[in-house]
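J.: Structure provided below as structure tokens; questions to follow.
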Amino acid sequence: MKKYAALFTAFLLAVLSLTGCGQLGSENENMEQLMAGVIAMTKVSAPGLATYNESYHTFGLPYIFDSTEDFYHKMDSGQMKDFFLSSKDDGFVTLTYYTSGARSFYTKNKAIRKPEDLKGLKIRVQDMKSQTDMMNALGGIPVAMSYGDVYTSLQTGIIDGTENNETALTTGKHGEICKVFSTDQHAMIPDVMVMSAKVWETISPQDQQIILDAAYASTESHKIAWDAAIQEAVEEASGQMNVEFVEDVDKEAFREAISGMIQEYCTEYPGVQNLQQQRQILMAFLDILILVFAILVITIGGFKLAMSATHEFSALLGIPRSLVYGMAPLSGLFIIMAQIINIYEDVTGITIEGGDEK
């Protein structure tokens with residue numbers, strides 16, 4: 001199995017290299033070739049698969065992940081792996097995903113701290129419906145163009161800014177022109193490795209598992225390499241290109257501005273709604289587990305422990321141990337209240353902040 005895993009990992013790297021430098025054409029062309037049986041595998045941006053399965057629109061939506069940790073937690077879940085393999089009838093299966101970082105806005109000289117800062121600015125976006133809709137919702141002017149045209153368009157003033165992860169500043173040399181990178185982190189759009197369903201179904205179940213194991217291993221390796229690449233890009237951009245990284249961005253204002261767009265997609269595309277519901281179920285399940293732990297172990301267990309130590313004194317503090325142990329059930333009560341709020345938010349989609357619903 002190790003032999004096959006190593007061979008397949010090498011094959012994955014070859015596919016990534018070929019598709020990454022455009023040897024097989026654009027991503028759309030790659031998928032057309034895969035569906036026609038010309039190639040067996042390719043790597044594409046996840047929202048590009050929405051042409052064949054509307055649920056993939058979800059991955060192009062802004063602020064569907066709370067953080068990088070949340071992104072990895074959901075993308076690595078069993079539910080997501082099941083979803084990836086559920087598209088055989090659409091002509092493909094997704095073997096794994098690869099992070100492409102958090103996308104943020106950057107311009108020549110203007111910080112984007114709130115949606116109003118985008119008003120009137122021509123911002124390059126990927127040629128995806130979700131990205132164009134996002135920019136319209138935020139008040140900017142979307143300009144869809146290929147990545148290769150961005151540098152010249154920034155240089156000539158065709159666009160005022162763009163959005164991407166930090167590596168674009170250095171590998172794409174965008175940091176030579178754009179000097180303000182505002183870390184709003186509005187989207188985390190994964191790349192995915194897909195295989196033709198016809199090819200997949202010719203492979204034995206045992207070999208399918210070997211392929212999946214190798215694919216998952218490549219995802220883990222990519223996470224490490226990506227973190228290093230981001231750190232290097234930030235250091236180079238700030239140290240050698242004099243790019244300013246703006247951290248005080250009002251992300252909640254951005255979330256509020258695009259909230260209507262998310263609902264529209266859920267209404268227009270039932271597949272998006274279904275995937276969002278699966279996400280809510282997963283989060284609710286995890287929050288319920290934490291709630292049960294807080295009730296049984298921290299609160300009830302801590303209370304019993306405190307009661308059992310009513311006649312014992314702490315040599316260090318000189319107070320009854322029950323007072324020390326009593327902090328556990330007290331903390332448990334706060335955790336219980338927090339988890340009840342979390343479960344409410346998971347189920348309803350309503351965020352509660354400072355006593356107000358949003």
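Labels used: A, B, ... for chains in the order of the structure tokens, numbers from 1 for residues in each chain, and numbers from 1 for ligands as shown.
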Run DSSP on the backbone and grab whatever in stretch 68-237 of chain A lands in strand (DSSP E); send it over as a compact mmCIF listing (two decimals) with N, CA and C atoms, in the first residue's frame.

T.:
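The resulting out.txt:
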```
# COMPACT_ATOMS: atom_id res chain seq x y z
N PHE A 92 -18.16 13.18 -12.04
CA PHE A 92 -16.86 13.30 -11.39
C PHE A 92 -16.99 12.98 -9.90
N VAL A 93 -15.85 12.71 -9.28
CA VAL A 93 -15.77 12.63 -7.83
C VAL A 93 -14.61 13.51 -7.39
N THR A 94 -14.73 14.09 -6.21
CA THR A 94 -13.66 14.91 -5.65
C THR A 94 -12.87 14.06 -4.66
N LEU A 95 -11.58 13.96 -4.89
CA LEU A 95 -10.73 13.10 -4.05
C LEU A 95 -10.30 13.83 -2.78
N THR A 96 -9.94 15.09 -2.91
CA THR A 96 -9.50 15.87 -1.75
C THR A 96 -9.51 17.34 -2.10
N TYR A 97 -9.14 18.17 -1.15
CA TYR A 97 -9.08 19.61 -1.36
C TYR A 97 -7.69 20.11 -0.99
N TYR A 98 -7.38 21.32 -1.44
CA TYR A 98 -6.13 21.99 -1.06
C TYR A 98 -6.45 23.44 -0.71
N ARG A 103 -8.63 34.97 1.16
CA ARG A 103 -8.54 36.05 0.19
C ARG A 103 -8.91 37.38 0.85
N SER A 104 -8.12 38.40 0.56
CA SER A 104 -8.35 39.74 1.11
C SER A 104 -8.16 40.78 0.01
N PHE A 105 -8.63 41.98 0.27
CA PHE A 105 -8.50 43.06 -0.70
C PHE A 105 -7.16 43.77 -0.56
N TYR A 106 -6.58 44.15 -1.68
CA TYR A 106 -5.40 45.01 -1.63
C TYR A 106 -5.43 45.98 -2.81
N THR A 107 -4.99 47.20 -2.52
CA THR A 107 -5.04 48.29 -3.49
C THR A 107 -3.69 49.00 -3.54
N LYS A 122 -12.73 49.92 -8.73
CA LYS A 122 -12.77 48.81 -9.69
C LYS A 122 -11.84 47.71 -9.17
N ILE A 123 -12.44 46.61 -8.75
CA ILE A 123 -11.69 45.53 -8.13
C ILE A 123 -11.75 44.27 -8.99
N ARG A 124 -10.60 43.74 -9.31
CA ARG A 124 -10.56 42.49 -10.06
C ARG A 124 -11.07 41.34 -9.21
N VAL A 125 -11.93 40.51 -9.78
CA VAL A 125 -12.40 39.30 -9.12
C VAL A 125 -12.25 38.13 -10.08
N ILE A 141 -16.92 47.82 -7.71
CA ILE A 141 -17.21 47.55 -9.11
C ILE A 141 -16.41 46.31 -9.51
N PRO A 142 -17.08 45.16 -9.74
CA PRO A 142 -16.34 43.95 -10.08
C PRO A 142 -15.82 43.97 -11.50
N VAL A 143 -14.57 43.58 -11.67
CA VAL A 143 -13.97 43.45 -12.99
C VAL A 143 -13.39 42.04 -13.07
N ALA A 144 -14.08 41.17 -13.79
CA ALA A 144 -13.63 39.78 -13.92
C ALA A 144 -12.54 39.69 -14.97
N GLY A 161 -7.67 47.84 -7.67
CA GLY A 161 -7.18 46.86 -6.71
C GLY A 161 -7.67 45.48 -7.09
N THR A 162 -7.37 44.53 -6.25
CA THR A 162 -7.76 43.16 -6.51
C THR A 162 -7.92 42.44 -5.17
N GLU A 163 -8.18 41.15 -5.22
CA GLU A 163 -8.30 40.38 -3.98
C GLU A 163 -7.67 39.01 -4.21
N ASN A 164 -6.91 38.59 -3.23
CA ASN A 164 -6.21 37.31 -3.33
C ASN A 164 -5.55 37.03 -1.99
N VAL A 180 -1.06 48.42 0.01
CA VAL A 180 -1.91 48.27 1.19
C VAL A 180 -2.72 46.98 1.05
N PHE A 181 -2.48 46.04 1.96
CA PHE A 181 -3.17 44.75 1.98
C PHE A 181 -4.05 44.72 3.22
N SER A 182 -5.37 44.71 3.02
CA SER A 182 -6.33 44.75 4.13
C SER A 182 -6.85 43.34 4.40
N THR A 183 -6.54 42.80 5.56
CA THR A 183 -6.83 41.40 5.86
C THR A 183 -8.28 41.20 6.30
N ASP A 184 -9.20 41.41 5.37
CA ASP A 184 -10.62 41.16 5.67
C ASP A 184 -10.95 39.68 5.58
N GLN A 185 -10.14 38.91 4.84
CA GLN A 185 -10.30 37.45 4.74
C GLN A 185 -11.74 37.07 4.39
N HIS A 186 -12.24 37.66 3.31
CA HIS A 186 -13.64 37.49 2.96
C HIS A 186 -13.96 36.12 2.38
N ALA A 187 -12.98 35.41 1.88
CA ALA A 187 -13.28 34.09 1.29
C ALA A 187 -12.11 33.14 1.48
N ASP A 191 -9.05 24.71 -3.62
CA ASP A 191 -8.87 23.96 -4.86
C ASP A 191 -9.24 22.51 -4.57
N VAL A 192 -9.66 21.79 -5.59
CA VAL A 192 -10.03 20.38 -5.39
C VAL A 192 -9.42 19.51 -6.48
N MET A 193 -9.07 18.30 -6.10
CA MET A 193 -8.58 17.31 -7.04
C MET A 193 -9.75 16.40 -7.42
N VAL A 194 -10.09 16.39 -8.69
CA VAL A 194 -11.25 15.62 -9.14
C VAL A 194 -10.82 14.53 -10.12
N MET A 195 -11.62 13.47 -10.14
CA MET A 195 -11.39 12.36 -11.05
C MET A 195 -12.68 12.04 -11.80
N SER A 196 -12.54 11.63 -13.02
CA SER A 196 -13.69 11.22 -13.81
C SER A 196 -14.41 10.08 -13.10
```

J.: For A:Ile189, work out the shell of residues within 12 Å, counting only C-alpha atoms and skipping chain neighbours fewer than 2 positions away, then give it as a PyMOL selection string.

T.: chain A and resi 44-48+56-65+68+71-72+75+97-104+126+128+130-131+164-165+185-187+191-192

J.: Write the selection just made, keeping C-alpha atoms, as a short mmCIF file (atom, residue, chain, number, x, y, z; two decimals), in the first residue's frame?

T.:
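As a result, result.cif now contains:
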```cif
data_model
loop_
_atom_site.label_atom_id
_atom_site.label_comp_id
_atom_site.auth_asym_id
_atom_site.auth_seq_id
_atom_site.Cartn_x
_atom_site.Cartn_y
_atom_site.Cartn_z
CA VAL A 44 -9.70 23.10 -10.27
CA SER A 45 -11.07 25.80 -8.00
CA ALA A 46 -14.06 24.31 -6.15
CA PRO A 47 -16.69 26.86 -7.31
CA GLY A 48 -15.81 25.99 -10.92
CA TYR A 56 -20.19 23.77 -5.27
CA HIS A 57 -21.40 27.38 -5.45
CA THR A 58 -21.12 27.22 -1.65
CA PHE A 59 -17.32 27.27 -1.71
CA GLY A 60 -17.26 30.60 -3.53
CA LEU A 61 -19.47 32.36 -1.00
CA PRO A 62 -17.88 34.90 1.36
CA TYR A 63 -17.53 34.33 5.08
CA ILE A 64 -18.86 30.77 5.19
CA PHE A 65 -15.82 29.89 7.33
CA THR A 68 -8.53 28.99 9.08
CA PHE A 71 -12.03 25.93 7.44
CA TYR A 72 -9.80 22.91 8.11
CA MET A 75 -13.18 20.54 5.12
CA TYR A 97 -9.08 19.61 -1.36
CA TYR A 98 -6.13 21.99 -1.06
CA THR A 99 -6.19 25.27 0.80
CA SER A 100 -5.52 28.37 -1.25
CA GLY A 101 -5.57 30.62 1.78
CA ALA A 102 -7.82 33.46 2.85
CA ARG A 103 -8.54 36.05 0.19
CA SER A 104 -8.35 39.74 1.11
CA GLN A 126 -12.28 35.75 -10.37
CA MET A 128 -17.22 33.37 -10.94
CA SER A 130 -20.30 34.32 -6.56
CA GLN A 131 -17.35 36.69 -6.73
CA ASN A 164 -6.21 37.31 -3.33
CA ASN A 165 -4.03 35.68 -0.70
CA GLN A 185 -10.30 37.45 4.74
CA HIS A 186 -13.64 37.49 2.96
CA ALA A 187 -13.28 34.09 1.29
CA ASP A 191 -8.87 23.96 -4.86
CA VAL A 192 -10.03 20.38 -5.39
#
```

J.: Pick out the closest residue to A:Val292 from this set: A:Asp127, A:Ile335, A:Pro270, A:Met134. Count only C-alpha atoms.

T.: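 Answer, going by the shortest atom-to-atom distance: A:Ile335.
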
J.: Pick out each residue of stretch 30-170 of chain A that DSSP on the backbone tags as helix (DSSP H, G or I); I need them as number ranges by chain.

T.: A: 30-36, 46-51, 54-60, 68-75, 78-84, 88-90, 115-118, 129-138, 147-156, 167-170

J.: May I ask which of the residues A:Cys266, A:Ile258, A:Leu169, A:Asp66 is the closest one to A:Thr132, counting only C-alpha atoms?

T.: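 Between A:Cys266, A:Ile258, A:Leu169, A:Asp66, the residue approaching A:Thr132 most closely is A:Ile258.
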
J.: Could you tell me which of A:Ser55, A:Thr219, A:Thr156, A:Ser238 comes closest to A:Tyr265 if we count only C-alpha atoms?

T.: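 Looking only at the distances to A:Tyr265, the closest residue turns out to be A:Ser55.
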
J.: Using only C-alpha atoms, which residue out of A:Gly91, A:Gly157, A:Gly78, A:Gly175 lies closest to A:Ala36?

T.: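 Among A:Gly91, A:Gly157, A:Gly78, A:Gly175, it is A:Gly91 that comes nearest to A:Ala36.
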
J.: Smallest atom-to-atom distance to A:Leu118: which of A:Ala257, A:Ile262, A:Ile300, A:Ala197, using only C-alpha atoms?

T.: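 Counting only C-alpha atoms, the residue closest to A:Leu118 is A:Ala257.
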